[in-house]
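Here's final.cif, which has mmCIF, C-alpha atoms:
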```cif
data_structure
loop_
_atom_site.label_atom_id
_atom_site.label_comp_id
_atom_site.auth_asym_id
_atom_site.auth_seq_id
_atom_site.Cartn_x
_atom_site.Cartn_y
_atom_site.Cartn_z
CA MET O 1 9.33 7.77 -28.66
CA ASN O 2 7.01 8.34 -25.68
CA SER O 3 7.05 5.17 -23.56
CA CYS O 4 3.85 6.26 -21.78
CA ILE O 5 1.71 5.49 -24.84
CA ILE O 6 3.21 2.12 -25.80
CA PRO O 7 1.18 -0.71 -24.24
CA CYS O 8 3.57 -2.75 -22.18
CA VAL O 9 3.75 -5.57 -19.62
CA PRO O 10 6.09 -4.30 -16.90
CA GLU O 11 9.25 -6.22 -16.16
CA ASP O 12 9.11 -8.45 -13.11
CA PRO O 13 12.55 -7.89 -11.62
CA GLN O 14 11.32 -9.00 -8.19
CA GLY O 15 10.30 -12.33 -9.65
CA ASP O 16 6.91 -13.07 -8.10
CA ASN O 17 4.76 -12.24 -11.12
CA ARG O 18 2.27 -10.26 -9.08
CA TRP O 19 1.29 -7.76 -11.78
CA MET O 20 0.29 -10.53 -14.21
CA SER O 21 -1.47 -12.57 -11.51
CA GLN O 22 -3.57 -9.55 -10.66
CA HIS O 23 -4.32 -8.85 -14.31
CA GLU O 24 -5.42 -12.45 -14.88
CA ARG O 25 -7.71 -12.26 -11.87
CA HIS O 26 -9.24 -9.03 -13.19
CA VAL O 27 -9.91 -10.65 -16.56
CA SER O 28 -11.67 -13.56 -14.81
CA GLU O 29 -13.72 -11.16 -12.73
CA ALA O 30 -14.73 -9.25 -15.86
CA LYS O 31 -15.94 -12.52 -17.40
CA GLU O 32 -17.89 -13.62 -14.36
CA ARG O 33 -19.53 -10.39 -13.32
CA GLU O 34 -21.48 -7.61 -14.96
CA PRO O 35 -20.14 -4.44 -13.41
CA ASP O 36 -21.99 -1.15 -13.86
CA VAL O 37 -18.86 0.71 -12.82
CA ILE O 38 -15.19 -0.11 -13.27
CA LEU O 39 -12.19 1.61 -11.72
CA ILE O 40 -8.84 1.38 -13.49
CA GLY O 41 -5.45 2.54 -12.29
CA ASP O 42 -2.59 2.11 -9.83
CA SER O 43 -2.37 1.52 -6.07
CA ILE O 44 -4.47 4.59 -5.30
CA ILE O 45 -7.38 2.95 -7.11
CA GLN O 46 -6.50 -0.52 -5.81
CA GLN O 47 -6.30 0.42 -2.13
CA LEU O 48 -9.73 2.10 -2.29
CA GLN O 49 -11.02 -1.46 -2.25
CA LEU O 50 -9.44 -2.01 1.18
CA ARG O 51 -11.10 1.03 2.80
CA PRO O 52 -14.44 1.29 4.59
CA ILE O 53 -15.72 3.70 1.92
CA TRP O 54 -15.52 0.89 -0.65
CA ASN O 55 -18.04 -1.28 1.18
CA ASP O 56 -20.15 1.73 2.15
CA LEU O 57 -20.43 3.52 -1.17
CA PHE O 58 -18.84 1.65 -4.07
CA GLU O 59 -19.63 -2.05 -3.59
CA PRO O 60 -23.40 -1.31 -3.75
CA LEU O 61 -22.95 0.23 -7.23
CA HIS O 62 -21.72 -3.06 -8.72
CA CYS O 63 -18.13 -1.95 -9.13
CA LEU O 64 -15.10 -3.88 -10.26
CA ASN O 65 -11.70 -2.56 -9.22
CA PHE O 66 -8.91 -3.02 -11.76
CA GLY O 67 -6.21 -1.20 -9.79
CA ILE O 68 -2.70 -2.65 -9.67
CA GLY O 69 -0.12 -1.16 -7.31
CA GLY O 70 2.73 0.63 -9.08
CA ASP O 71 1.12 0.49 -12.53
CA LEU O 72 1.99 2.96 -15.29
CA THR O 73 -0.01 4.43 -18.17
CA GLN O 74 1.56 1.88 -20.53
CA GLY O 75 0.58 -0.97 -18.18
CA VAL O 76 -3.03 0.20 -18.03
CA LEU O 77 -3.04 0.47 -21.84
CA TRP O 78 -1.81 -3.11 -22.17
CA ARG O 79 -4.40 -4.37 -19.73
CA ILE O 80 -7.20 -2.63 -21.57
CA GLN O 81 -6.04 -4.19 -24.83
CA ASN O 82 -5.73 -7.59 -23.20
CA GLY O 83 -8.96 -8.51 -21.59
CA ILE O 84 -10.17 -6.31 -18.74
CA LEU O 85 -12.78 -4.59 -20.90
CA ASP O 86 -13.85 -7.68 -22.82
CA ASN O 87 -17.25 -9.12 -22.01
CA ILE O 88 -18.41 -6.12 -19.97
CA LYS O 89 -20.55 -3.05 -20.63
CA PRO O 90 -20.04 -0.74 -17.68
CA LYS O 91 -21.94 2.52 -17.61
CA ALA O 92 -19.03 4.40 -16.04
CA CYS O 93 -15.29 4.07 -15.72
CA VAL O 94 -13.13 5.83 -13.12
CA LEU O 95 -9.51 6.29 -14.20
CA HIS O 96 -6.49 7.38 -12.15
CA VAL O 97 -2.92 6.63 -13.24
CA GLY O 98 0.33 8.43 -14.02
CA THR O 99 2.05 9.25 -10.74
CA ASN O 100 4.32 6.19 -11.11
CA ASN O 101 5.54 7.19 -14.60
CA PHE O 102 8.99 8.23 -13.36
CA GLY O 103 11.42 9.65 -15.87
CA ASN O 104 8.70 10.88 -18.19
CA THR O 105 7.77 14.52 -18.87
CA PRO O 106 4.36 15.95 -17.95
CA GLN O 107 3.62 16.12 -21.68
CA GLU O 108 4.42 12.43 -22.13
CA ILE O 109 2.43 11.34 -19.08
CA SER O 110 -0.64 13.37 -20.05
CA GLU O 111 -0.37 11.90 -23.55
CA GLY O 112 -0.39 8.46 -21.91
CA ILE O 113 -3.52 9.28 -19.93
CA LEU O 114 -5.31 10.69 -23.00
CA THR O 115 -4.36 7.60 -25.02
CA ILE O 116 -6.00 5.45 -22.33
CA VAL O 117 -9.12 7.63 -22.47
CA ASN O 118 -9.30 7.14 -26.24
CA GLU O 119 -8.73 3.40 -25.92
CA ILE O 120 -11.59 3.12 -23.40
CA LYS O 121 -13.86 5.25 -25.61
CA SER O 122 -13.15 3.15 -28.69
CA ARG O 123 -14.01 -0.05 -26.84
CA LEU O 124 -16.89 1.28 -24.74
CA PRO O 125 -18.32 4.24 -26.67
CA ASP O 126 -21.30 4.64 -24.33
CA CYS O 127 -19.29 4.47 -21.13
CA TYR O 128 -18.98 7.71 -19.15
CA ILE O 129 -15.39 8.37 -18.05
CA ILE O 130 -14.49 9.99 -14.74
CA LEU O 131 -10.86 10.99 -14.84
CA LEU O 132 -9.23 11.84 -11.52
CA ASP O 133 -6.28 14.12 -11.93
CA LEU O 134 -3.01 13.38 -10.11
CA LEU O 135 -2.57 13.79 -6.37
CA PRO O 136 0.27 15.73 -4.74
CA ARG O 137 2.96 13.52 -3.17
CA GLY O 138 5.83 13.94 -0.72
CA ALA O 139 5.59 15.73 2.65
CA LYS O 140 7.16 18.92 1.27
CA PRO O 141 7.23 20.60 -2.14
CA ASN O 142 9.26 18.51 -4.59
CA GLN O 143 9.80 17.93 -8.27
CA LEU O 144 7.20 15.17 -8.53
CA ARG O 145 4.50 17.47 -7.18
CA VAL O 146 5.49 20.04 -9.80
CA ARG O 147 5.39 17.34 -12.46
CA ASN O 148 1.96 16.08 -11.35
CA SER O 149 0.59 19.64 -11.34
CA LYS O 150 1.79 20.18 -14.89
CA VAL O 151 0.19 16.90 -15.98
CA ASN O 152 -3.06 18.13 -14.43
CA GLU O 153 -2.89 21.47 -16.24
CA ILE O 154 -2.42 19.76 -19.59
CA ILE O 155 -5.14 17.20 -18.91
CA HIS O 156 -7.73 19.76 -17.85
CA GLU O 157 -7.07 21.77 -21.00
CA ARG O 158 -7.05 18.84 -23.42
CA VAL O 159 -10.17 16.98 -22.28
CA LYS O 160 -12.47 19.99 -22.44
CA LEU O 161 -14.08 18.95 -25.70
CA ILE O 162 -14.35 15.24 -25.04
CA PRO O 163 -17.99 14.27 -24.56
CA ARG O 164 -19.13 12.06 -21.69
CA LEU O 165 -15.97 12.68 -19.71
CA GLU O 166 -15.47 14.61 -16.51
CA VAL O 167 -12.15 15.41 -14.84
CA ILE O 168 -12.31 15.59 -11.08
CA THR O 169 -9.72 17.70 -9.30
CA VAL O 170 -8.70 15.53 -6.39
CA ASN O 171 -6.07 17.64 -4.68
CA THR O 172 -8.38 20.33 -3.35
CA GLY O 173 -7.68 20.97 0.30
CA LEU O 174 -4.89 18.43 0.65
CA LEU O 175 -1.98 20.87 0.83
CA GLN O 176 -1.73 22.76 4.11
CA SER O 177 -1.02 26.51 4.33
CA ASP O 178 2.74 25.82 4.47
CA ASP O 179 2.49 23.54 1.43
CA THR O 180 3.09 20.38 3.44
CA LEU O 181 0.99 17.24 3.17
CA SER O 182 -0.37 15.99 6.50
CA ALA O 183 0.23 12.42 7.67
CA GLN O 184 -3.46 12.51 8.64
CA ASP O 185 -4.22 12.61 4.93
CA MET O 186 -1.36 10.48 3.63
CA LEU O 187 0.52 8.39 6.15
CA ASP O 188 3.26 7.64 3.61
CA TYR O 189 2.83 10.92 1.72
CA LEU O 190 1.54 9.03 -1.31
CA HIS O 191 -1.51 6.93 -0.45
CA PRO O 192 -4.61 8.49 1.11
CA THR O 193 -5.75 7.45 4.59
CA ASP O 194 -9.36 6.40 5.22
CA SER O 195 -10.52 9.96 5.87
CA CYS O 196 -8.64 11.29 2.86
CA TYR O 197 -10.11 8.56 0.64
CA ARG O 198 -13.53 9.84 1.75
CA LYS O 199 -12.63 13.43 0.85
CA ILE O 200 -11.47 12.35 -2.59
CA PHE O 201 -13.97 9.67 -3.49
CA GLU O 202 -17.25 10.99 -2.06
CA PRO O 203 -17.55 13.45 -4.99
CA VAL O 204 -16.74 10.57 -7.35
CA HIS O 205 -19.53 8.55 -5.77
CA GLU O 206 -21.95 11.49 -6.13
CA LEU O 207 -21.14 11.79 -9.80
CA LEU O 208 -21.49 8.04 -10.30
CA LEU O 209 -24.97 8.09 -8.74
CA HIS O 210 -25.90 10.81 -11.19
CA ILE O 211 -24.48 8.92 -14.19
CA LEU O 212 -26.08 5.62 -13.17
CA GLY O 213 -29.40 7.41 -12.58
CA GLU O 214 -29.29 8.89 -16.06
CA ALA O 215 -28.34 5.56 -17.59
CA LYS O 216 -31.33 4.00 -15.82
CA ASP O 217 -33.63 6.66 -17.24
CA VAL O 218 -32.30 5.95 -20.73
CA ASP O 219 -32.85 2.19 -20.20
CA LYS O 220 -36.44 2.93 -19.20
CA GLU O 221 -36.99 5.05 -22.29
CA VAL O 222 -35.61 2.30 -24.49
CA VAL O 223 -37.85 -0.26 -22.83
CA GLY O 224 -40.77 2.17 -23.14
CA THR O 225 -40.38 2.56 -26.90
CA GLN O 226 -40.09 -1.15 -27.63
CA MET J 227 30.17 -7.42 1.79
CA ASN J 228 26.56 -8.05 2.84
CA SER J 229 24.56 -4.90 2.03
CA CYS J 230 21.74 -6.06 4.34
CA ILE J 231 23.81 -5.28 7.46
CA ILE J 232 25.20 -1.88 6.46
CA PRO J 233 22.98 0.93 7.78
CA CYS J 234 21.91 2.98 4.82
CA VAL J 235 19.57 5.77 3.74
CA PRO J 236 17.91 4.49 0.56
CA GLU J 237 18.37 6.43 -2.64
CA ASP J 238 15.45 8.63 -3.62
CA PRO J 239 15.34 8.12 -7.38
CA GLN J 240 11.69 9.19 -7.48
CA GLY J 241 12.62 12.52 -5.96
CA ASP J 242 9.94 13.19 -3.36
CA ASN J 243 11.98 12.37 -0.27
CA ARG J 244 9.17 10.35 1.27
CA TRP J 245 11.36 7.86 3.18
CA MET J 246 13.21 10.62 5.01
CA SER J 247 10.04 12.64 5.68
CA GLN J 248 8.50 9.59 7.30
CA HIS J 249 11.64 8.91 9.32
CA GLU J 250 11.73 12.50 10.58
CA ARG J 251 8.08 12.26 11.60
CA HIS J 252 8.79 9.04 13.48
CA VAL J 253 11.67 10.67 15.37
CA SER J 254 9.36 13.56 16.38
CA GLU J 255 6.69 11.11 17.50
CA ALA J 256 9.27 9.22 19.58
CA LYS J 257 10.22 12.49 21.30
CA GLU J 258 6.64 13.54 22.00
CA ARG J 259 5.11 10.31 23.13
CA GLU J 260 5.97 7.50 25.52
CA PRO J 261 5.03 4.34 23.69
CA ASP J 262 4.82 1.02 25.54
CA VAL J 263 5.02 -0.80 22.24
CA ILE J 264 6.77 0.05 19.00
CA LEU J 265 6.45 -1.63 15.62
CA ILE J 266 9.32 -1.36 13.15
CA GLY J 267 9.47 -2.51 9.55
CA ASP J 268 8.22 -2.08 6.01
CA SER J 269 4.79 -1.51 4.42
CA ILE J 270 3.36 -4.61 6.06
CA ILE J 271 3.95 -2.97 9.45
CA GLN J 272 3.00 0.49 8.18
CA GLN J 273 -0.32 -0.49 6.63
CA LEU J 274 -1.40 -2.19 9.87
CA GLN J 275 -1.98 1.37 11.08
CA LEU J 276 -4.57 1.90 8.36
CA ARG J 277 -6.65 -1.17 9.29
CA PRO J 278 -9.54 -1.48 11.74
CA ILE J 279 -7.50 -3.90 13.89
CA TRP J 280 -5.06 -1.05 14.66
CA ASN J 281 -7.72 1.07 16.34
CA ASP J 282 -9.37 -1.97 17.92
CA LEU J 283 -6.36 -3.73 19.40
CA PHE J 284 -3.09 -1.82 18.99
CA GLU J 285 -3.88 1.85 19.58
CA PRO J 286 -5.10 1.09 23.15
CA LEU J 287 -1.70 -0.42 23.99
CA HIS J 288 0.13 2.90 23.41
CA CYS J 289 1.82 1.82 20.22
CA LEU J 290 3.98 3.80 17.83
CA ASN J 291 4.26 2.51 14.28
CA PHE J 292 7.66 3.00 12.62
CA GLY J 293 6.83 1.21 9.38
CA ILE J 294 7.98 2.69 6.07
CA GLY J 295 6.75 1.21 2.79
CA GLY J 296 9.46 -0.55 0.79
CA ASP J 297 12.06 -0.39 3.54
CA LEU J 298 14.99 -2.81 3.72
CA THR J 299 16.94 -4.28 6.64
CA GLN J 300 19.69 -1.70 6.06
CA GLY J 301 17.14 1.12 6.14
CA VAL J 302 15.69 -0.09 9.43
CA LEU J 303 19.22 -0.34 10.84
CA TRP J 304 19.94 3.26 9.84
CA ARG J 305 16.70 4.48 11.35
CA ILE J 306 17.41 2.72 14.64
CA GLN J 307 20.85 4.32 14.75
CA ASN J 308 19.41 7.72 13.89
CA GLY J 309 16.72 8.57 16.32
CA ILE J 310 13.65 6.35 16.36
CA LEU J 311 14.71 4.61 19.59
CA ASP J 312 16.09 7.71 21.30
CA ASN J 313 14.05 9.11 24.19
CA ILE J 314 11.76 6.09 24.49
CA LYS J 315 11.62 3.01 26.70
CA PRO J 316 9.09 0.68 25.14
CA LYS J 317 8.38 -2.62 26.84
CA ALA J 318 7.99 -4.47 23.56
CA CYS J 319 9.08 -4.11 19.96
CA VAL J 320 7.46 -5.86 16.99
CA LEU J 321 9.80 -6.29 14.01
CA HIS J 322 9.02 -7.36 10.44
CA VAL J 323 11.31 -6.55 7.53
CA GLY J 324 13.25 -8.33 4.78
CA THR J 325 10.84 -9.15 1.97
CA ASN J 326 11.97 -6.06 0.00
CA ASN J 327 15.68 -7.01 0.13
CA PHE J 328 15.80 -8.03 -3.53
CA GLY J 329 19.06 -9.40 -4.89
CA ASN J 330 20.23 -10.65 -1.51
CA THR J 331 20.57 -14.29 -0.44
CA PRO J 332 18.47 -15.76 2.39
CA GLN J 333 21.68 -15.93 4.44
CA GLU J 334 22.34 -12.21 3.90
CA ILE J 335 18.76 -11.17 4.65
CA SER J 336 18.58 -13.23 7.85
CA GLU J 337 21.91 -11.73 8.88
CA GLY J 338 20.34 -8.30 8.33
CA ILE J 339 17.35 -9.17 10.52
CA LEU J 340 19.58 -10.56 13.29
CA THR J 341 21.76 -7.45 13.17
CA ILE J 342 18.63 -5.35 13.72
CA VAL J 343 17.65 -7.56 16.67
CA ASN J 344 21.11 -7.04 18.22
CA GLU J 345 20.94 -3.29 17.59
CA ILE J 346 17.56 -3.06 19.34
CA LYS J 347 18.81 -5.20 22.23
CA SER J 348 21.91 -3.07 22.72
CA ARG J 349 19.83 0.12 22.88
CA LEU J 350 16.82 -1.26 24.76
CA PRO J 351 18.14 -4.23 26.79
CA ASP J 352 14.88 -4.68 28.71
CA CYS J 353 12.63 -4.49 25.66
CA TYR J 354 10.95 -7.76 24.62
CA ILE J 355 11.24 -8.39 20.88
CA ILE J 356 8.53 -10.03 18.82
CA LEU J 357 9.95 -11.00 15.47
CA LEU J 358 7.46 -11.85 12.73
CA ASP J 359 8.95 -14.09 10.11
CA LEU J 360 8.44 -13.34 6.42
CA LEU J 361 5.13 -13.79 4.63
CA PRO J 362 4.68 -15.69 1.39
CA ARG J 363 4.19 -13.48 -1.68
CA GLY J 364 2.96 -13.88 -5.26
CA ALA J 365 -0.23 -15.69 -6.29
CA LYS J 366 1.65 -18.86 -7.26
CA PRO J 367 4.88 -20.51 -6.08
CA ASN J 368 7.87 -18.39 -7.07
CA GLN J 369 11.50 -17.76 -6.22
CA LEU J 370 10.75 -15.02 -3.69
CA ARG J 371 8.53 -17.36 -1.69
CA VAL J 372 11.35 -19.90 -1.67
CA ARG J 373 13.75 -17.18 -0.57
CA ASN J 374 11.46 -15.96 2.22
CA SER J 375 10.98 -19.55 3.46
CA LYS J 376 14.73 -20.03 3.65
CA VAL J 377 15.13 -16.76 5.56
CA ASN J 378 12.50 -18.04 8.00
CA GLU J 379 14.30 -21.38 8.47
CA ILE J 380 17.57 -19.63 9.29
CA ILE J 381 15.91 -17.09 11.59
CA HIS J 382 14.00 -19.70 13.58
CA GLU J 383 17.19 -21.69 14.11
CA ARG J 384 19.41 -18.74 15.00
CA VAL J 385 17.20 -16.92 17.51
CA LYS J 386 16.55 -19.96 19.68
CA LEU J 387 18.98 -18.92 22.37
CA ILE J 388 18.21 -15.19 22.40
CA PRO J 389 16.42 -14.27 25.64
CA ARG J 390 13.29 -12.10 25.67
CA LEU J 391 12.64 -12.70 22.00
CA GLU J 392 9.86 -14.65 20.34
CA VAL J 393 9.52 -15.43 16.64
CA ILE J 394 5.97 -15.63 15.42
CA THR J 395 5.28 -17.72 12.34
CA VAL J 396 2.93 -15.57 10.33
CA ASN J 397 2.31 -17.65 7.24
CA THR J 398 0.27 -20.40 8.87
CA GLY J 399 -2.86 -21.06 6.91
CA LEU J 400 -2.20 -18.50 4.19
CA LEU J 401 -1.27 -20.90 1.41
CA GLN J 402 -4.21 -22.81 -0.05
CA SER J 403 -4.11 -26.54 -0.83
CA ASP J 404 -2.86 -25.84 -4.38
CA ASP J 405 -0.14 -23.53 -3.01
CA THR J 406 -1.83 -20.38 -4.28
CA LEU J 407 -2.40 -17.26 -2.20
CA SER J 408 -6.00 -16.05 -2.14
CA ALA J 409 -6.91 -12.49 -3.12
CA GLN J 410 -9.16 -12.62 -0.04
CA ASP J 411 -5.98 -12.69 2.03
CA MET J 412 -3.76 -10.52 -0.14
CA LEU J 413 -5.44 -8.42 -2.81
CA ASP J 414 -2.08 -7.64 -4.42
CA TYR J 415 -0.45 -10.92 -3.35
CA LEU J 416 1.89 -9.00 -1.02
CA HIS J 417 -0.06 -6.94 1.53
CA PRO J 418 -2.63 -8.55 3.83
CA THR J 419 -6.30 -7.56 3.60
CA ASP J 420 -8.22 -6.54 6.76
CA SER J 421 -9.21 -10.13 7.57
CA CYS J 422 -5.69 -11.41 6.91
CA TYR J 423 -4.20 -8.68 9.13
CA ARG J 424 -6.46 -10.00 11.88
CA LYS J 425 -5.26 -13.58 11.34
CA ILE J 426 -1.64 -12.46 11.54
CA PHE J 427 -1.75 -9.79 14.21
CA GLU J 428 -4.27 -11.16 16.73
CA PRO J 429 -1.63 -13.61 18.06
CA VAL J 430 0.83 -10.69 18.19
CA HIS J 431 -1.69 -8.72 20.23
CA GLU J 432 -2.20 -11.68 22.58
CA LEU J 433 1.52 -11.94 23.18
CA LEU J 434 1.80 -8.17 23.72
CA LEU J 435 -0.93 -8.30 26.37
CA HIS J 436 1.05 -11.02 28.12
CA ILE J 437 4.33 -9.08 27.93
CA LEU J 438 2.75 -5.80 29.07
CA GLY J 439 1.00 -7.63 31.91
CA GLU J 440 4.29 -9.12 33.07
CA ALA J 441 6.02 -5.75 32.79
CA LYS J 442 3.25 -4.24 34.91
CA ASP J 443 3.75 -6.94 37.56
CA VAL J 444 7.48 -6.19 37.61
CA ASP J 445 6.74 -2.46 37.97
CA LYS J 446 4.47 -3.27 40.88
CA GLU J 447 7.15 -5.40 42.53
CA VAL J 448 9.70 -2.61 42.12
CA VAL J 449 7.27 -0.10 43.62
CA GLY J 450 6.50 -2.58 46.40
CA THR J 451 10.14 -2.98 47.44
CA GLN J 452 10.87 0.73 47.50
#
```
Please render this file's structure as structure tokens.
Amino acid sequence: MNSCIIPCVPEDPQGDNRWMSQHERHVSEAKEREPDVILIGDSIIQQLQLRPIWNDLFEPLHCLNFGIGGDLTQGVLWRIQNGILDNIKPKACVLHVGTNNFGNTPQEISEGILTIVNEIKSRLPDCYIILLDLLPRGAKPNQLRVRNSKVNEIIHERVKLIPRLEVITVNTGLLQSDDTLSAQDMLDYLHPTDSCYRKIFEPVHELLLHILGEAKDVDKEVVGTQ
Amino acid sequence: MNSCIIPCVPEDPQGDNRWMSQHERHVSEAKEREPDVILIGDSIIQQLQLRPIWNDLFEPLHCLNFGIGGDLTQGVLWRIQNGILDNIKPKACVLHVGTNNFGNTPQEISEGILTIVNEIKSRLPDCYIILLDLLPRGAKPNQLRVRNSKVNEIIHERVKLIPRLEVITVNTGLLQSDDTLSAQDMLDYLHPTDSCYRKIFEPVHELLLHILGEAKDVDKEVVGTQ
């Protein structure tokens, strides 16, 4: 059985219950606010909220950030089934998760990501999904980079026919000519720095503006025909 | 045997060798630059480098940041014995590590921290050490907060007689009246936000200015007597 597609609360071996505390806060935020855009995923999504680009470009779009550090596809699935999408009608959802699914095959991980896409679509049929594929990791070539690349190949192939979904390739230009990752881009060879967040998320912001603009036009049409 | 005091390269179960890549980069940086201040520790030290306060207050002091996300006392010990202190003569060293030592007792963890202090002192006898005690973690009271508090109690008691060392209590004002941690201070209930980094590290910066000023005066005196 593929663990990546079975919704699951992660164990809390460290014993401070941080995952669940963050989830509960996200559910409260979803109840209290009316986001036009939501972002769901792991630490790469979460830490976006701590960067200057968040305040500059994302905050003004009425975004809610449902990133939790270290989360897996099965954790995101559980959270979606347990409150973070209730009470809200976002026009767009940005999704990035999978790099923490250690011990799973590329096939299993991509299945996990596609299951999340379907779960979001079934709950928010009108919501446009922006799927970011997986980033390279590690200073030098390694098995997890190979794994992430294979996940990306599968994903790009499988989502082609899904309407109102766009995959954004986020690793363009990150690998140097000798296949190393620069500390200028990822200080810990996993999480983007401020400048790297800009490289990755400026195209996401552009696409969001486009989606939100279209949604606004549709709203106007609806109002116009009433 | 207390694992916290045995220098150790952590396992790399994820398989991307990030810990060692970061260590090797730090050793290169130590060779190339002449830092007046070094910071050693885990992600809480490392992520300081990604915050505005780093460029504002720390970069101008000629700092090198030897933080590695997730590191343990035994990892820091290994790194100190394997190159990060070679070739440099910093005037001050900021140390913060221990919250990731899961499965160890407060006694063991504080022993690990004190062993690091001794290791730094034996290699850099003139270097002033600023030891930050452990931060609270988790949104609500939990066993790891209790553990970290006990580590802090032991540390504060045991370092009293060590010369040229100051412990800074970093958790002042972080817990709210109902003993919760605010997401405004720690989005993931572990790592400080920008504003929380300022609360914690402004006093560190103040102390560093004082230490570097004194060191400068001593340099002047030495020059004067030549």
As a check of understanding, name the residues that the PyMOL selection byres ((chain J and resi 234-242) around 10) selects in the supplied structure, as an mmCIF file with C-alpha atoms, in the frame of the given file.
```cif
data_model
loop_
_atom_site.group_PDB
_atom_site.id
_atom_site.type_symbol
_atom_site.label_atom_id
_atom_site.label_comp_id
_atom_site.auth_asym_id
_atom_site.auth_seq_id
_atom_site.Cartn_x
_atom_site.Cartn_y
_atom_site.Cartn_z
ATOM 1 C CA ASN O 100 4.320 6.190 -11.110
ATOM 2 C CA ASN O 101 5.540 7.190 -14.600
ATOM 3 C CA PHE O 102 8.990 8.230 -13.360
ATOM 4 C CA GLY O 103 11.420 9.650 -15.870
ATOM 5 C CA ARG O 137 2.960 13.520 -3.170
ATOM 6 C CA GLY O 138 5.830 13.940 -0.720
ATOM 7 C CA ALA O 139 5.590 15.730 2.650
ATOM 8 C CA LYS O 140 7.160 18.920 1.270
ATOM 9 C CA PRO O 141 7.230 20.600 -2.140
ATOM 10 C CA ASN O 142 9.260 18.510 -4.590
ATOM 11 C CA GLN O 143 9.800 17.930 -8.270
ATOM 12 C CA LEU O 144 7.200 15.170 -8.530
ATOM 13 C CA ARG O 145 4.500 17.470 -7.180
ATOM 14 C CA TYR O 189 2.830 10.920 1.720
ATOM 15 C CA LEU O 190 1.540 9.030 -1.310
ATOM 16 C CA SER J 229 24.560 -4.900 2.030
ATOM 17 C CA CYS J 230 21.740 -6.060 4.340
ATOM 18 C CA ILE J 231 23.810 -5.280 7.460
ATOM 19 C CA ILE J 232 25.200 -1.880 6.460
ATOM 20 C CA PRO J 233 22.980 0.930 7.780
ATOM 21 C CA ASN J 243 11.980 12.370 -0.270
ATOM 22 C CA ARG J 244 9.170 10.350 1.270
ATOM 23 C CA TRP J 245 11.360 7.860 3.180
ATOM 24 C CA MET J 246 13.210 10.620 5.010
ATOM 25 C CA SER J 247 10.040 12.640 5.680
ATOM 26 C CA GLY J 296 9.460 -0.550 0.790
ATOM 27 C CA ASP J 297 12.060 -0.390 3.540
ATOM 28 C CA LEU J 298 14.990 -2.810 3.720
ATOM 29 C CA THR J 299 16.940 -4.280 6.640
ATOM 30 C CA GLN J 300 19.690 -1.700 6.060
ATOM 31 C CA GLY J 301 17.140 1.120 6.140
ATOM 32 C CA VAL J 302 15.690 -0.090 9.430
ATOM 33 C CA LEU J 303 19.220 -0.340 10.840
ATOM 34 C CA TRP J 304 19.940 3.260 9.840
ATOM 35 C CA ARG J 305 16.700 4.480 11.350
#
```
Practice problem: Could you please determine the separation between CA of Phe292 in chain J and CA of Ser177 in chain O in Å, to one decimal place? | Solution: 26.4 Å
Quick one: everything within 12 Å of Leu165 in chain O, counting all atoms listed in the file, minus sequence neighbours fewer than 6 positions away in the same chain. Send it as a compact mmCIF listing (two decimals) with C-alpha atoms, keeping the file's coordinate frame.
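New file result-v2.txt:
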```
# COMPACT_ATOMS: atom_id res chain seq x y z
CA LYS O 91 -21.94 2.52 -17.61
CA ALA O 92 -19.03 4.40 -16.04
CA CYS O 93 -15.29 4.07 -15.72
CA VAL O 94 -13.13 5.83 -13.12
CA LEU O 95 -9.51 6.29 -14.20
CA LEU O 114 -5.31 10.69 -23.00
CA VAL O 117 -9.12 7.63 -22.47
CA ASN O 118 -9.30 7.14 -26.24
CA ILE O 120 -11.59 3.12 -23.40
CA LYS O 121 -13.86 5.25 -25.61
CA PRO O 125 -18.32 4.24 -26.67
CA ASP O 126 -21.30 4.64 -24.33
CA CYS O 127 -19.29 4.47 -21.13
CA TYR O 128 -18.98 7.71 -19.15
CA ILE O 129 -15.39 8.37 -18.05
CA ILE O 130 -14.49 9.99 -14.74
CA LEU O 131 -10.86 10.99 -14.84
CA LEU O 132 -9.23 11.84 -11.52
CA ILE O 155 -5.14 17.20 -18.91
CA HIS O 156 -7.73 19.76 -17.85
CA ARG O 158 -7.05 18.84 -23.42
CA VAL O 159 -10.17 16.98 -22.28
CA LEU O 207 -21.14 11.79 -9.80
CA LEU O 208 -21.49 8.04 -10.30
CA ILE O 211 -24.48 8.92 -14.19
```
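The result of the PyMOL selection byres ((chain J and resi 262) around 6) on the shown file is Pro261, Val263, His288, Pro316 and Lys317 of chain J.
Going from CA of Arg251 in chain J over to CA of Asn330 in chain J, you cover 29.1 Å.
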Self-check item: Hits from the PyMOL selection byres ((chain J and resi 323) around 6), listed as number ranges by chain
Solution: J: 267-268, 322, 324
Include C-alpha atoms and write out the residues we just selected as a compact mmCIF listing (two decimals), keeping the file's coordinate frame.
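See part-v9.txt below for the written result:
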```
# COMPACT_ATOMS: atom_id res chain seq x y z
CA GLY J 267 9.47 -2.51 9.55
CA ASP J 268 8.22 -2.08 6.01
CA HIS J 322 9.02 -7.36 10.44
CA GLY J 324 13.25 -8.33 4.78
```
Self-check item: Polymer residues at most 7 Å from Asp133 in chain O, only C-alpha atoms, same-chain spacing of 6 or more positions, as a ChimeraX atom specification
Solution: /O:96,152,167-170
Quiz item: Suppose you want the space between CA of Ile53 in chain O and CA of Ile200 in chain O; what is it in Å?
Solution: 10.6 Å
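Comparing the minimum interatomic distances between Cys422 in chain J and each of O:Leu174, O:Leu50, O:Asp86, O:Ser28, counting all atoms listed in the file, we find that O:Leu50 sits nearest.
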